[in-house]
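Structure file target14.csv (CSV, C-alpha atoms) is printed below.
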```
chain,number,residue,atom,x,y,z
A,1,MET,CA,37.9,-21.0,-9.3
A,2,THR,CA,39.6,-22.9,-12.0
A,3,VAL,CA,38.4,-24.5,-15.2
A,4,GLU,CA,38.6,-27.9,-13.5
A,5,GLU,CA,36.0,-26.8,-10.9
A,6,ILE,CA,33.8,-25.5,-13.6
A,7,PHE,CA,33.9,-28.9,-15.3
A,8,ALA,CA,32.9,-30.4,-11.9
A,9,ILE,CA,29.9,-28.1,-11.7
A,10,LEU,CA,29.0,-28.8,-15.3
A,11,ASP,CA,29.1,-32.5,-14.4
A,12,GLU,CA,27.0,-32.1,-11.3
A,13,LYS,CA,24.4,-29.7,-12.7
A,14,PHE,CA,24.1,-30.7,-16.4
A,15,GLY,CA,25.6,-34.2,-16.6
A,16,ALA,CA,28.5,-33.1,-18.8
A,17,LYS,CA,31.2,-35.8,-19.0
A,18,ARG,CA,34.8,-34.9,-19.8
A,19,GLU,CA,36.0,-36.0,-23.2
A,20,THR,CA,39.0,-38.4,-22.8
A,21,LEU,CA,40.2,-38.1,-26.4
A,22,ASP,CA,40.9,-34.4,-26.2
A,23,LYS,CA,44.6,-33.9,-25.6
A,24,TRP,CA,44.2,-30.5,-24.1
A,25,GLY,CA,41.4,-31.7,-21.7
A,26,VAL,CA,39.1,-28.8,-22.2
A,27,THR,CA,36.1,-30.6,-23.8
A,28,ALA,CA,32.9,-31.8,-22.1
A,29,VAL,CA,30.2,-33.8,-23.9
A,30,ILE,CA,26.8,-32.6,-23.0
A,31,SER,CA,23.3,-33.7,-24.0
A,32,ALA,CA,21.3,-31.4,-26.3
A,33,SER,CA,18.5,-30.8,-23.8
A,34,TYR,CA,20.9,-29.3,-21.2
A,35,LEU,CA,23.0,-27.3,-23.7
A,36,HIS,CA,21.1,-23.9,-23.5
A,37,ASN,CA,21.2,-23.9,-19.7
A,38,ALA,CA,24.9,-24.9,-19.6
A,39,VAL,CA,25.8,-22.2,-22.0
A,40,GLN,CA,23.9,-19.6,-20.1
A,41,PHE,CA,25.7,-20.8,-16.9
A,42,LEU,CA,29.0,-20.4,-18.6
A,43,LYS,CA,28.2,-17.0,-19.9
A,44,GLU,CA,26.6,-15.5,-16.8
A,45,GLY,CA,26.6,-17.8,-13.8
A,46,SER,CA,30.1,-19.1,-13.3
A,47,ASP,CA,33.0,-17.4,-11.6
A,48,ILE,CA,35.0,-17.4,-14.8
A,49,LYS,CA,32.7,-15.9,-17.3
A,50,PHE,CA,33.1,-17.1,-20.9
A,51,GLU,CA,32.0,-14.0,-22.8
A,52,MET,CA,33.3,-15.0,-26.1
A,53,LEU,CA,32.0,-17.7,-28.5
A,54,VAL,CA,35.0,-18.6,-30.6
A,55,ASP,CA,33.5,-21.1,-33.0
A,56,ILE,CA,30.7,-23.6,-33.6
A,57,ALA,CA,31.9,-26.6,-35.6
A,58,GLY,CA,30.0,-29.5,-37.0
A,59,ILE,CA,31.6,-32.9,-37.0
A,60,ASP,CA,30.7,-36.0,-39.1
A,61,TYR,CA,32.1,-39.2,-37.5
A,62,LEU,CA,31.1,-41.4,-40.5
A,63,THR,CA,34.6,-42.4,-41.5
A,64,TYR,CA,36.2,-41.8,-38.1
A,65,PRO,CA,38.2,-44.9,-37.0
A,66,ASN,CA,36.9,-46.7,-33.9
A,67,HIS,CA,34.0,-44.4,-33.3
A,68,GLU,CA,30.9,-45.5,-31.5
A,69,GLY,CA,27.8,-43.6,-30.9
A,70,PRO,CA,25.9,-40.9,-32.9
A,71,ARG,CA,27.1,-39.9,-36.3
A,72,PHE,CA,27.2,-36.1,-35.9
A,73,ALA,CA,28.4,-33.7,-33.3
A,74,VAL,CA,28.3,-30.0,-32.8
A,75,SER,CA,31.3,-28.5,-31.0
A,76,TYR,CA,31.1,-25.1,-29.2
A,77,ALA,CA,34.4,-23.3,-28.3
A,78,PHE,CA,34.2,-20.6,-25.6
A,79,LYS,CA,36.8,-18.3,-24.3
A,80,SER,CA,37.0,-16.0,-21.3
A,81,VAL,CA,37.8,-12.4,-21.9
A,82,SER,CA,37.6,-11.1,-18.3
A,83,LYS,CA,40.0,-13.9,-17.1
A,84,PRO,CA,42.1,-14.5,-20.2
A,85,GLY,CA,43.5,-17.9,-21.1
A,86,ASN,CA,40.5,-19.9,-19.9
A,87,ARG,CA,38.8,-22.0,-22.6
A,88,ILE,CA,36.1,-24.5,-22.6
A,89,ARG,CA,34.6,-26.6,-25.4
A,90,LEU,CA,31.2,-28.2,-25.3
A,91,LYS,CA,30.3,-31.0,-27.6
A,92,VAL,CA,26.8,-32.2,-28.4
A,93,LEU,CA,26.4,-35.6,-30.0
A,94,VAL,CA,23.5,-35.8,-32.5
A,95,SER,CA,22.2,-38.9,-34.2
A,96,GLU,CA,21.3,-38.9,-37.9
A,97,GLU,CA,17.6,-39.7,-37.2
A,98,ASP,CA,17.1,-36.7,-34.9
A,99,LEU,CA,19.4,-33.9,-36.2
A,100,LYS,CA,18.2,-31.2,-33.8
A,101,VAL,CA,20.1,-28.9,-31.4
A,102,PRO,CA,18.7,-26.0,-29.5
A,103,THR,CA,20.0,-22.6,-30.7
A,104,ILE,CA,22.2,-20.4,-28.5
A,105,SER,CA,21.8,-17.4,-30.8
A,106,ASP,CA,19.8,-15.6,-28.1
A,107,LEU,CA,22.8,-15.7,-25.9
A,108,TYR,CA,25.6,-15.0,-28.4
A,109,ALA,CA,24.8,-12.9,-31.4
A,110,ASN,CA,27.6,-14.4,-33.5
A,111,ALA,CA,26.1,-17.8,-33.0
A,112,ASN,CA,23.5,-16.9,-35.6
A,113,TRP,CA,25.8,-17.2,-38.6
A,114,TYR,CA,27.9,-20.0,-37.1
A,115,GLU,CA,24.7,-22.1,-36.8
A,116,ARG,CA,23.6,-21.1,-40.3
A,117,GLU,CA,27.0,-22.4,-41.5
A,118,VAL,CA,26.7,-25.7,-39.7
A,119,PHE,CA,23.2,-26.1,-41.0
A,120,ASP,CA,24.4,-25.4,-44.5
A,121,GLN,CA,27.3,-27.8,-44.4
A,122,PHE,CA,26.0,-30.6,-42.2
A,123,GLY,CA,22.2,-30.2,-42.2
A,124,VAL,CA,22.0,-29.9,-38.4
A,125,VAL,CA,18.7,-28.1,-37.6
A,126,PHE,CA,19.0,-25.5,-34.8
A,127,GLU,CA,15.7,-25.2,-33.1
A,128,GLY,CA,14.5,-21.7,-32.3
A,129,HIS,CA,17.0,-20.1,-34.7
A,130,PRO,CA,15.5,-16.8,-36.1
A,131,ASP,CA,16.7,-17.2,-39.7
A,132,LEU,CA,18.0,-20.6,-40.6
A,133,ARG,CA,19.0,-20.3,-44.2
A,134,ARG,CA,22.1,-21.5,-46.2
A,135,LEU,CA,25.1,-19.2,-45.6
A,136,LEU,CA,27.9,-20.3,-47.9
A,137,ASN,CA,26.3,-22.4,-50.6
A,138,HIS,CA,23.9,-21.0,-53.2
A,139,VAL,CA,20.2,-21.3,-53.0
A,140,GLU,CA,19.8,-24.1,-55.6
A,141,PHE,CA,22.3,-26.3,-53.8
A,142,VAL,CA,21.0,-29.8,-52.9
A,143,GLY,CA,22.6,-31.7,-50.0
A,144,HIS,CA,25.2,-30.9,-47.4
A,145,PRO,CA,28.7,-30.8,-48.8
A,146,LEU,CA,30.8,-31.4,-45.7
A,147,ARG,CA,29.1,-34.7,-44.8
A,148,LYS,CA,31.5,-37.5,-45.5
A,149,ASP,CA,29.1,-39.3,-47.8
A,150,TYR,CA,28.7,-36.3,-50.1
A,151,PRO,CA,30.7,-37.0,-53.3
A,152,ALA,CA,33.5,-34.4,-53.3
A,153,GLN,CA,33.6,-34.3,-57.1
A,154,LYS,CA,29.9,-33.5,-57.5
A,155,ARG,CA,29.3,-30.1,-58.9
A,156,GLN,CA,26.0,-28.2,-58.8
A,157,TRP,CA,25.4,-25.2,-61.1
A,158,LEU,CA,23.5,-22.2,-60.1
A,159,SER,CA,21.2,-21.0,-62.9
A,160,THR,CA,20.6,-17.3,-61.8
A,161,ASN,CA,22.2,-14.8,-59.4
A,162,ASP,CA,21.4,-15.2,-55.7
A,163,TYR,CA,18.9,-12.3,-55.2
A,164,LEU,CA,19.2,-11.1,-51.7
A,165,LEU,CA,17.7,-7.6,-51.8
A,166,PRO,CA,14.1,-8.5,-50.8
A,167,GLN,CA,15.4,-10.1,-47.6
A,168,LEU,CA,17.6,-7.0,-47.0
A,169,GLU,CA,14.6,-4.7,-47.5
A,170,LYS,CA,12.5,-6.8,-45.2
A,171,ARG,CA,15.2,-6.6,-42.4
A,172,LEU,CA,15.5,-2.9,-42.9
A,173,GLU,CA,11.8,-2.4,-42.6
A,174,GLU,CA,11.8,-4.4,-39.4
A,175,LEU,CA,14.4,-2.1,-38.0
A,176,GLY,CA,12.2,0.9,-38.8
A,177,TYR,CA,13.6,2.1,-42.1
A,178,LYS,CA,11.3,3.0,-44.9
A,179,VAL,CA,12.0,1.5,-48.4
A,180,VAL,CA,11.5,4.3,-50.9
A,181,GLN,CA,11.9,2.3,-54.1
A,182,ARG,CA,11.7,-1.5,-54.4
A,183,SER,CA,14.3,-3.1,-56.5
A,184,LYS,CA,13.3,-5.5,-59.2
A,185,GLU,CA,15.3,-8.4,-60.4
A,186,VAL,CA,16.4,-8.3,-64.1
A,187,GLU,CA,15.1,-11.4,-65.7
A,188,THR,CA,16.8,-12.6,-68.8
A,189,ASN,CA,14.3,-13.1,-71.6
A,190,ASP,CA,15.2,-15.3,-74.6
A,191,ASN,CA,12.5,-13.8,-76.8
A,192,GLU,CA,14.0,-10.3,-76.6
A,193,PHE,CA,16.1,-9.1,-79.5
A,194,LEU,CA,19.1,-8.2,-77.3
A,195,GLU,CA,19.5,-11.7,-76.0
A,196,GLY,CA,22.7,-13.1,-74.5
A,197,SER,CA,25.3,-14.2,-77.0
A,198,ILE,CA,26.1,-17.5,-75.4
A,199,LYS,CA,23.8,-20.4,-74.6
A,200,ALA,CA,24.3,-22.9,-71.8
B,1,MET,CA,49.0,28.0,-97.0
B,2,GLY,CA,50.4,26.8,-100.2
B,3,ASN,CA,53.3,24.9,-98.7
B,4,GLU,CA,51.1,22.5,-96.8
B,5,ALA,CA,49.7,20.7,-99.7
B,6,GLU,CA,53.0,20.3,-101.6
B,7,LYS,CA,53.9,17.0,-100.1
B,8,PRO,CA,51.2,14.2,-100.3
B,9,ASN,CA,49.8,13.3,-96.8
B,10,ILE,CA,48.3,9.9,-97.8
B,11,ILE,CA,48.8,6.5,-96.3
B,12,THR,CA,47.6,3.5,-98.2
B,13,SER,CA,46.7,0.5,-96.2
B,14,SER,CA,44.0,-2.1,-95.7
B,15,LEU,CA,41.2,-1.3,-93.3
B,16,ASP,CA,41.8,-4.5,-91.4
B,17,PHE,CA,45.3,-3.5,-90.6
B,18,LEU,CA,44.3,-0.1,-89.4
B,19,VAL,CA,41.4,-1.4,-87.2
B,20,ASN,CA,43.6,-4.2,-85.7
B,21,TRP,CA,46.4,-1.7,-85.1
B,22,GLY,CA,44.0,0.5,-83.1
B,23,ARG,CA,42.4,-2.4,-81.3
B,24,SER,CA,45.5,-4.2,-80.3
B,25,ASN,CA,47.2,-1.1,-78.9
B,26,SER,CA,44.3,0.0,-76.8
B,27,LEU,CA,43.1,-3.1,-75.0
B,28,TRP,CA,41.4,-1.8,-71.9
B,29,PRO,CA,41.1,-4.5,-69.3
B,30,PHE,CA,38.1,-5.1,-67.0
B,31,PRO,CA,39.6,-6.7,-63.9
B,32,TYR,CA,37.4,-9.4,-62.4
B,33,GLY,CA,39.7,-10.0,-59.5
B,34,THR,CA,38.6,-12.4,-56.8
B,35,ALA,CA,41.9,-13.6,-55.4
B,36,CYS,CA,45.6,-13.1,-55.2
B,37,CYS,CA,46.0,-13.0,-59.0
B,38,ALA,CA,44.3,-9.6,-58.8
B,39,ILE,CA,47.1,-8.4,-56.5
B,40,GLU,CA,49.6,-9.5,-59.2
B,41,PHE,CA,47.6,-7.6,-61.7
B,42,MET,CA,47.9,-4.5,-59.6
B,43,SER,CA,51.6,-4.7,-59.7
B,44,THR,CA,51.5,-5.2,-63.4
B,45,GLU,CA,49.4,-2.1,-63.8
B,46,VAL,CA,51.6,0.3,-61.7
B,47,GLY,CA,54.9,2.0,-62.3
B,48,ARG,CA,57.5,-0.8,-62.1
B,49,TYR,CA,56.0,-3.0,-64.9
B,50,ASP,CA,53.6,-0.5,-66.3
B,51,LEU,CA,51.0,-2.1,-68.5
B,52,SER,CA,50.1,1.2,-70.1
B,53,ARG,CA,53.3,0.8,-72.2
B,54,ILE,CA,51.4,-1.5,-74.5
B,55,GLY,CA,48.3,0.7,-74.6
B,56,SER,CA,46.3,-0.8,-71.7
B,57,GLU,CA,46.2,2.6,-70.2
B,58,TYR,CA,43.0,2.5,-68.3
B,59,VAL,CA,41.5,-0.2,-66.1
B,60,ARG,CA,37.8,0.1,-66.7
B,61,PHE,CA,35.5,-0.9,-63.9
B,62,THR,CA,32.5,-1.2,-66.2
B,63,PRO,CA,32.0,-3.9,-68.8
B,64,ARG,CA,30.5,-1.3,-71.2
B,65,GLN,CA,33.8,0.4,-71.8
B,66,SER,CA,36.3,-2.4,-71.7
B,67,ASP,CA,37.7,-4.8,-74.3
B,68,VAL,CA,39.4,-7.5,-72.3
B,69,LEU,CA,37.7,-9.4,-69.5
B,70,LEU,CA,40.5,-10.3,-67.1
B,71,VAL,CA,39.3,-13.1,-64.8
B,72,ALA,CA,41.9,-13.1,-62.0
B,73,GLY,CA,41.1,-15.6,-59.3
B,74,THR,CA,38.9,-18.4,-58.2
B,75,ILE,CA,35.4,-18.5,-59.5
B,76,THR,CA,32.9,-20.3,-57.3
B,77,TYR,CA,29.5,-21.7,-58.5
B,78,LYS,CA,27.9,-18.9,-56.6
B,79,GLN,CA,29.8,-16.4,-58.7
B,80,ALA,CA,29.4,-18.1,-62.1
B,81,PRO,CA,26.1,-16.4,-63.1
B,82,ILE,CA,27.6,-13.0,-62.2
B,83,LEU,CA,30.6,-13.6,-64.4
B,84,LYS,CA,28.5,-14.8,-67.2
B,85,ARG,CA,26.3,-11.7,-67.0
B,86,ILE,CA,29.3,-9.4,-67.0
B,87,TYR,CA,30.6,-11.1,-70.1
B,88,GLU,CA,27.3,-10.7,-71.8
B,89,GLN,CA,27.3,-7.0,-70.9
B,90,MET,CA,30.6,-6.3,-72.6
B,91,ALA,CA,30.4,-4.8,-76.0
B,92,GLU,CA,32.0,-6.5,-79.0
B,93,PRO,CA,34.8,-6.9,-79.8
B,94,ARG,CA,35.7,-8.6,-76.5
B,95,TRP,CA,38.4,-11.0,-75.3
B,96,VAL,CA,38.9,-13.0,-72.2
B,97,ILE,CA,42.1,-13.7,-70.3
B,98,ALA,CA,42.0,-16.5,-67.7
B,99,MET,CA,44.7,-15.5,-65.3
B,100,GLY,CA,46.2,-18.0,-63.0
B,101,ALA,CA,45.6,-21.7,-62.2
B,102,CYS,CA,42.2,-21.1,-60.5
B,103,ALA,CA,40.6,-19.3,-63.4
B,104,SER,CA,42.1,-21.7,-66.0
B,105,SER,CA,41.3,-25.0,-64.3
B,106,GLY,CA,40.0,-24.5,-60.8
B,107,GLY,CA,43.6,-24.8,-59.4
B,108,PHE,CA,43.9,-26.9,-56.3
B,109,TYR,CA,40.3,-26.3,-55.3
B,110,ASP,CA,39.1,-29.6,-56.5
B,111,SER,CA,35.9,-29.3,-54.5
B,112,TYR,CA,32.1,-28.9,-54.6
B,113,CYS,CA,32.2,-25.1,-54.7
B,114,THR,CA,34.7,-24.2,-57.3
B,115,VAL,CA,34.2,-24.0,-61.1
B,116,PRO,CA,36.9,-26.1,-62.8
B,117,GLY,CA,38.0,-23.5,-65.2
B,118,ILE,CA,36.0,-20.5,-66.4
B,119,ASP,CA,35.8,-22.0,-69.9
B,120,HIS,CA,32.8,-23.9,-68.6
B,121,ILE,CA,31.0,-20.5,-68.5
B,122,ILE,CA,32.6,-18.2,-71.1
B,123,PRO,CA,35.0,-18.6,-74.1
B,124,VAL,CA,38.6,-17.9,-73.2
B,125,ASP,CA,41.2,-16.5,-75.5
B,126,VAL,CA,44.4,-16.6,-73.5
B,127,TYR,CA,45.3,-18.8,-70.4
B,128,ILE,CA,48.1,-17.8,-68.0
B,129,GLY,CA,49.6,-20.5,-65.8
B,130,GLY,CA,51.0,-19.9,-62.4
B,131,CYS,CA,49.8,-19.4,-58.9
B,132,PRO,CA,49.8,-16.5,-59.0
B,133,PRO,CA,51.5,-15.7,-62.4
B,134,ARG,CA,54.2,-13.0,-62.3
B,135,PRO,CA,53.7,-9.7,-64.2
B,136,GLU,CA,56.0,-10.9,-66.9
B,137,ALA,CA,53.7,-13.8,-67.6
B,138,PHE,CA,50.8,-11.4,-67.8
B,139,PHE,CA,52.7,-9.3,-70.3
B,140,ASP,CA,53.4,-12.4,-72.3
B,141,ALA,CA,49.6,-13.1,-72.3
B,142,MET,CA,48.9,-9.5,-73.5
B,143,PHE,CA,51.4,-9.9,-76.3
B,144,ASP,CA,49.7,-13.2,-77.3
B,145,LEU,CA,46.4,-11.5,-77.2
B,146,GLN,CA,47.7,-8.6,-79.4
B,147,LYS,CA,48.9,-11.2,-81.9
B,148,LYS,CA,45.5,-12.8,-81.9
B,149,VAL,CA,43.8,-9.4,-82.3
B,150,LYS,CA,46.0,-8.6,-85.3
B,151,ASP,CA,45.1,-11.9,-86.9
B,152,GLU,CA,41.4,-11.1,-86.8
B,153,SER,CA,39.7,-9.6,-89.9
B,154,PHE,CA,37.3,-6.8,-89.2
B,155,MET,CA,35.9,-6.8,-92.7
B,156,LYS,CA,35.2,-10.6,-92.6
B,157,GLN,CA,33.4,-10.3,-89.3
B,158,ARG,CA,31.5,-7.4,-90.6
B,159,ALA,CA,30.5,-9.2,-93.7
B,160,GLU,CA,29.3,-12.1,-91.6
B,161,SER,CA,27.3,-9.9,-89.2
B,162,VAL,CA,25.8,-8.0,-92.2
B,163,LYS,CA,24.8,-11.4,-93.7
B,164,GLU,CA,23.2,-12.4,-90.4
B,165,GLN,CA,21.4,-9.2,-90.2
B,166,LEU,CA,20.1,-9.5,-93.7
B,167,GLU,CA,18.8,-13.0,-93.0
B,168,MET,CA,17.1,-11.8,-89.9
B,169,ILE,CA,15.5,-8.9,-91.8
B,170,LYS,CA,14.3,-11.3,-94.4
B,171,VAL,CA,12.8,-13.5,-91.8
B,172,LYS,CA,11.2,-10.6,-90.0
B,173,THR,CA,9.8,-9.2,-93.3
B,174,ALA,CA,8.3,-12.5,-94.2
B,175,GLU,CA,6.7,-12.7,-90.7
B,176,ALA,CA,5.4,-9.2,-91.0
B,177,LYS,CA,4.0,-9.9,-94.5
B,178,ARG,CA,2.2,-13.0,-93.2
B,179,ASP,CA,0.8,-11.0,-90.4
B,180,VAL,CA,-0.4,-8.2,-92.7
B,181,ALA,CA,-2.0,-10.8,-95.1
B,182,ALA,CA,-3.8,-12.4,-92.2
B,183,CYS,CA,-4.9,-9.1,-90.9
B,184,ALA,CA,-6.2,-8.0,-94.3
B,185,HIS,CA,-8.1,-11.3,-94.8
B,186,GLU,CA,-9.8,-10.7,-91.4
B,187,LYS,CA,-10.7,-7.2,-92.4
B,188,ILE,CA,-12.2,-8.3,-95.7
B,189,VAL,CA,-14.3,-10.9,-94.0
B,190,ASP,CA,-15.4,-8.2,-91.5
B,191,ILE,CA,-16.4,-5.8,-94.3
B,192,LYS,CA,-18.3,-8.5,-96.1
B,193,ASP,CA,-20.3,-9.3,-93.0
B,194,PHE,CA,-20.9,-5.6,-92.5
B,195,MET,CA,-22.2,-5.2,-96.1
B,196,LYS,CA,-24.4,-8.3,-95.7
B,197,GLU,CA,-26.0,-6.8,-92.6
B,198,LYS,CA,-26.6,-3.5,-94.4
B,199,GLN,CA,-28.2,-5.2,-97.3
B,200,GLU,CA,-30.5,-7.2,-95.0
B,201,ASN,CA,-31.4,-4.0,-93.2
B,202,LEU,CA,-32.2,-2.2,-96.4
B,203,VAL,CA,-34.3,-5.1,-97.6
B,204,LYS,CA,-36.1,-5.1,-94.3
B,205,LYS,CA,-36.7,-1.4,-94.5
B,206,ALA,CA,-38.0,-1.6,-98.1
B,207,GLN,CA,-40.4,-4.4,-97.1
B,208,PHE,CA,-41.6,-2.3,-94.1
B,209,TRP,CA,-42.3,0.7,-96.3
B,210,LYS,CA,-44.0,-1.4,-98.9
B,211,GLU,CA,-46.3,-2.7,-96.2
```
Would you encode the structure as structure tokens?
Amino acid sequence: MTVEEIFAILDEKFGAKRETLDKWGVTAVISASYLHNAVQFLKEGSDIKFEMLVDIAGIDYLTYPNHEGPRFAVSYAFKSVSKPGNRIRLKVLVSEEDLKVPTISDLYANANWYEREVFDQFGVVFEGHPDLRRLLNHVEFVGHPLRKDYPAQKRQWLSTNDYLLPQLEKRLEELGYKVVQRSKEVETNDNEFLEGSIKA
Amino acid sequence: MGNEAEKPNIITSSLDFLVNWGRSNSLWPFPYGTACCAIEFMSTEVGRYDLSRIGSEYVRFTPRQSDVLLVAGTITYKQAPILKRIYEQMAEPRWVIAMGACASSGGFYDSYCTVPGIDHIIPVDVYIGGCPPRPEAFFDAMFDLQKKVKDESFMKQRAESVKEQLEMIKVKTAEAKRDVAACAHEKIVDIKDFMKEKQENLVKKAQFWKE
């Protein structure tokens, strides 16, 4: 079985159409409702098994020339390890009004952080994701910086350190570890005598 | 025994000169390395260039024991509070070197996530250009910093700090005096009330016994 036949099956079963603009011809556009089943088929069902999720990328078509259709897209790149050299890319078009895509983090463990990154940079919400938080930008960041309408020169200051220990402790406790001593964040206090030497 | 004291072992100098001499020849850097500039700093530190020739013998990885905060690399907004806190943790006297284009001006990262120069966060003494700068440039910066250190006056700074402390002590004493006065006033009022009560009680008792 070749990749072409897999594309035929994808078309038949999940209504995935080949992308004509892709110059390598490995992309199929699929609707969000069929995505999870299609990915499960690619991972487990098909003859060429795509065991490896290479990347999840968000796309903003706002300033793209001659583009019609929804503004955003999420692109999944898969690679076969058992039969090397076979690649498939799935693309889900998402409109700005309904920015929702089902998660595939239950199939691929690395999809967890990829989806967090796409959520962070584009604001695409992955439904069913176990822990959808910002990955790269800091907690006080407002907006999604890789959108084309985000002003590139806009800077946003972070006022305190990102404090990640409570989340870590929670995760460890869920795994069965016992937290002996809870850490406490050091808060700066202006009324103290030993205050910081510089003011913002 | 007798021979040792025959020649006078005295040097006369100003305290400023001595202090600056000591400080400028033992500048211990704290490497805050976040990018490729830190790799250049490593080659500055080791045998071929050997930063310890000018007294920067130790690279201290704690802000408590270092004099020079060496910011080598890109500083993102996520990292800015950490850098500021480390600067505040350093004991005075302290100096800052911004090494490379990124630390000095943000470099080519003209984007939403990069601080456009660490002088938005902390005061900088010496900037080094280059991406990354060569070890020679780093030495140049260290020489500049040494010159700057030698220009500073320890006694003047000390006089200023003593003046500040005096003023603070005065303010605190005034506050404490005010507090004590208020406290004393309250106590006097309390005692007066107490005495009044006692008197009333006595009068009551006397009346009772009279009856």
Need to verify the contact set: Cys113 of chain B, 8 Å, only C-alpha atoms, exclusion of same-chain residues closer than 2 positions in sequence. Can you return it as a PDB file with C-alpha atoms, in the frame of the given file?
```pdb
ATOM      1  CA  ASN A 137      26.300 -22.400 -50.600  1.00  0.00           C
ATOM      2  CA  ARG A 155      29.300 -30.100 -58.900  1.00  0.00           C
TER       3      ARG A 155
ATOM      4  CA  THR B  76      32.900 -20.300 -57.300  1.00  0.00           C
ATOM      5  CA  TYR B  77      29.500 -21.700 -58.500  1.00  0.00           C
ATOM      6  CA  LYS B  78      27.900 -18.900 -56.600  1.00  0.00           C
ATOM      7  CA  SER B 111      35.900 -29.300 -54.500  1.00  0.00           C
ATOM      8  CA  VAL B 115      34.200 -24.000 -61.100  1.00  0.00           C
TER       9      VAL B 115
END
```
With a cut-off of 10 Å, could you pull out the residues of chain B touching chain A and give me the nearest pair of atoms for each, distance in Å to one decimal, using all atoms listed in the file, ordered by chain and ascending number, as a tab-separated table?
```
residue	atom	partner	partner_atom	distance
B:Thr76	CA	A:Asn137	CA	9.6
B:Tyr77	CA	A:Trp157	CA	6.0
B:Lys78	CA	A:His138	CA	5.7
B:Gln79	CA	A:Asn161	CA	7.8
B:Ala80	CA	A:Leu158	CA	7.5
B:Pro81	CA	A:Asn161	CA	5.6
B:Ile82	CA	A:Asn161	CA	6.3
B:Leu83	CA	A:Asn161	CA	9.8
B:Lys84	CA	A:Ile198	CA	9.0
B:Arg85	CA	A:Gly196	CA	8.4
B:Tyr87	CA	A:Ser197	CA	9.2
B:Glu88	CA	A:Gly196	CA	5.8
B:Gln89	CA	A:Gly196	CA	8.4
B:Asp110	CA	A:Gln153	CA	7.3
B:Ser111	CA	A:Ala152	CA	5.8
B:Tyr112	CA	A:Arg155	CA	5.3
B:Cys113	CA	A:Arg155	CA	7.1
B:Thr114	CA	A:Arg155	CA	8.2
B:Val115	CA	A:Arg155	CA	8.1
B:Pro116	CA	A:Arg155	CA	9.4
B:His120	CA	A:Ala200	CA	9.1
B:Ile121	CA	A:Ala200	CA	7.8
B:Ile122	CA	A:Ile198	CA	7.8
B:Pro123	CA	A:Ile198	CA	9.1
```
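Note that atom CA of Ile59 of chain A and atom CA of Lys43 of chain A are 23.6 Å apart.
Look at segment 115-121 of chain A: the protein and nucleic acid residues within 7 Å of it, using only C-alpha atoms and passing over chain neighbours fewer than 4 places away, are A:Ile56, A:Ala57, A:Gly58, A:Ala111, A:Val125, A:Phe126, A:Leu132, A:Arg133, A:Arg134, A:Leu135, A:Leu136, A:His144, A:Pro145, A:Leu146.
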- Message: I'd like the contact shell of segment 101-109 of chain B - 10 Å cut-off, all atoms listed in the file, skipping same-chain residues fewer than 2 positions apart - returned as a PyMOL selection string.
- Response: chain B and resi 34-35+37+70-76+97-99+111-120+124+126-133
Residue subset to file, keeping C-alpha atoms, as a compact mmCIF listing (two decimals), in the coordinates of the input:
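again.txt, written as the output of this step:
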```
# COMPACT_ATOMS: atom_id res chain seq x y z
CA THR B 34 38.60 -12.40 -56.80
CA ALA B 35 41.90 -13.60 -55.40
CA CYS B 37 46.00 -13.00 -59.00
CA LEU B 70 40.50 -10.30 -67.10
CA VAL B 71 39.30 -13.10 -64.80
CA ALA B 72 41.90 -13.10 -62.00
CA GLY B 73 41.10 -15.60 -59.30
CA THR B 74 38.90 -18.40 -58.20
CA ILE B 75 35.40 -18.50 -59.50
CA THR B 76 32.90 -20.30 -57.30
CA ILE B 97 42.10 -13.70 -70.30
CA ALA B 98 42.00 -16.50 -67.70
CA MET B 99 44.70 -15.50 -65.30
CA SER B 111 35.90 -29.30 -54.50
CA TYR B 112 32.10 -28.90 -54.60
CA CYS B 113 32.20 -25.10 -54.70
CA THR B 114 34.70 -24.20 -57.30
CA VAL B 115 34.20 -24.00 -61.10
CA PRO B 116 36.90 -26.10 -62.80
CA GLY B 117 38.00 -23.50 -65.20
CA ILE B 118 36.00 -20.50 -66.40
CA ASP B 119 35.80 -22.00 -69.90
CA HIS B 120 32.80 -23.90 -68.60
CA VAL B 124 38.60 -17.90 -73.20
CA VAL B 126 44.40 -16.60 -73.50
CA TYR B 127 45.30 -18.80 -70.40
CA ILE B 128 48.10 -17.80 -68.00
CA GLY B 129 49.60 -20.50 -65.80
CA GLY B 130 51.00 -19.90 -62.40
CA CYS B 131 49.80 -19.40 -58.90
CA PRO B 132 49.80 -16.50 -59.00
CA PRO B 133 51.50 -15.70 -62.40
```
- Query: If we count only C-alpha atoms, what is near segment 74-81 of chain A at a cut-off of 10 Å, once residues fewer than 5 positions away on the same chain are taken out, given as a PyMOL selection string?
  - Reply: chain A and resi 26-29+32+39+42-43+48-60+86-94+101+111+114-115+118+122+124
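Atom to atom, atom CA of Phe139 of chain B and atom CA of Asp125 of chain B stand 14.5 Å apart.
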- Message: I want to know what sits within 10 Å of Glu45 of chain B, based on only C-alpha atoms, with residues of the same chain fewer than 3 positions away left out; could you give that as a ChimeraX atom specification?
- Response: /B:39-42,48-53,56-59,135
- Pairwise distance, atom CA of Ala109 of chain A with atom CA of Gln40 of chain A, equals 13.2 Å
- Query: Restricting the calculation to all atoms listed in the file, which member of A:Gln181, A:Ser95, A:Ser46, A:Ser82 is positioned closest to Gly69 of chain A?
  - Reply: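 Smallest separation from Gly69 of chain A among the options: A:Ser95.
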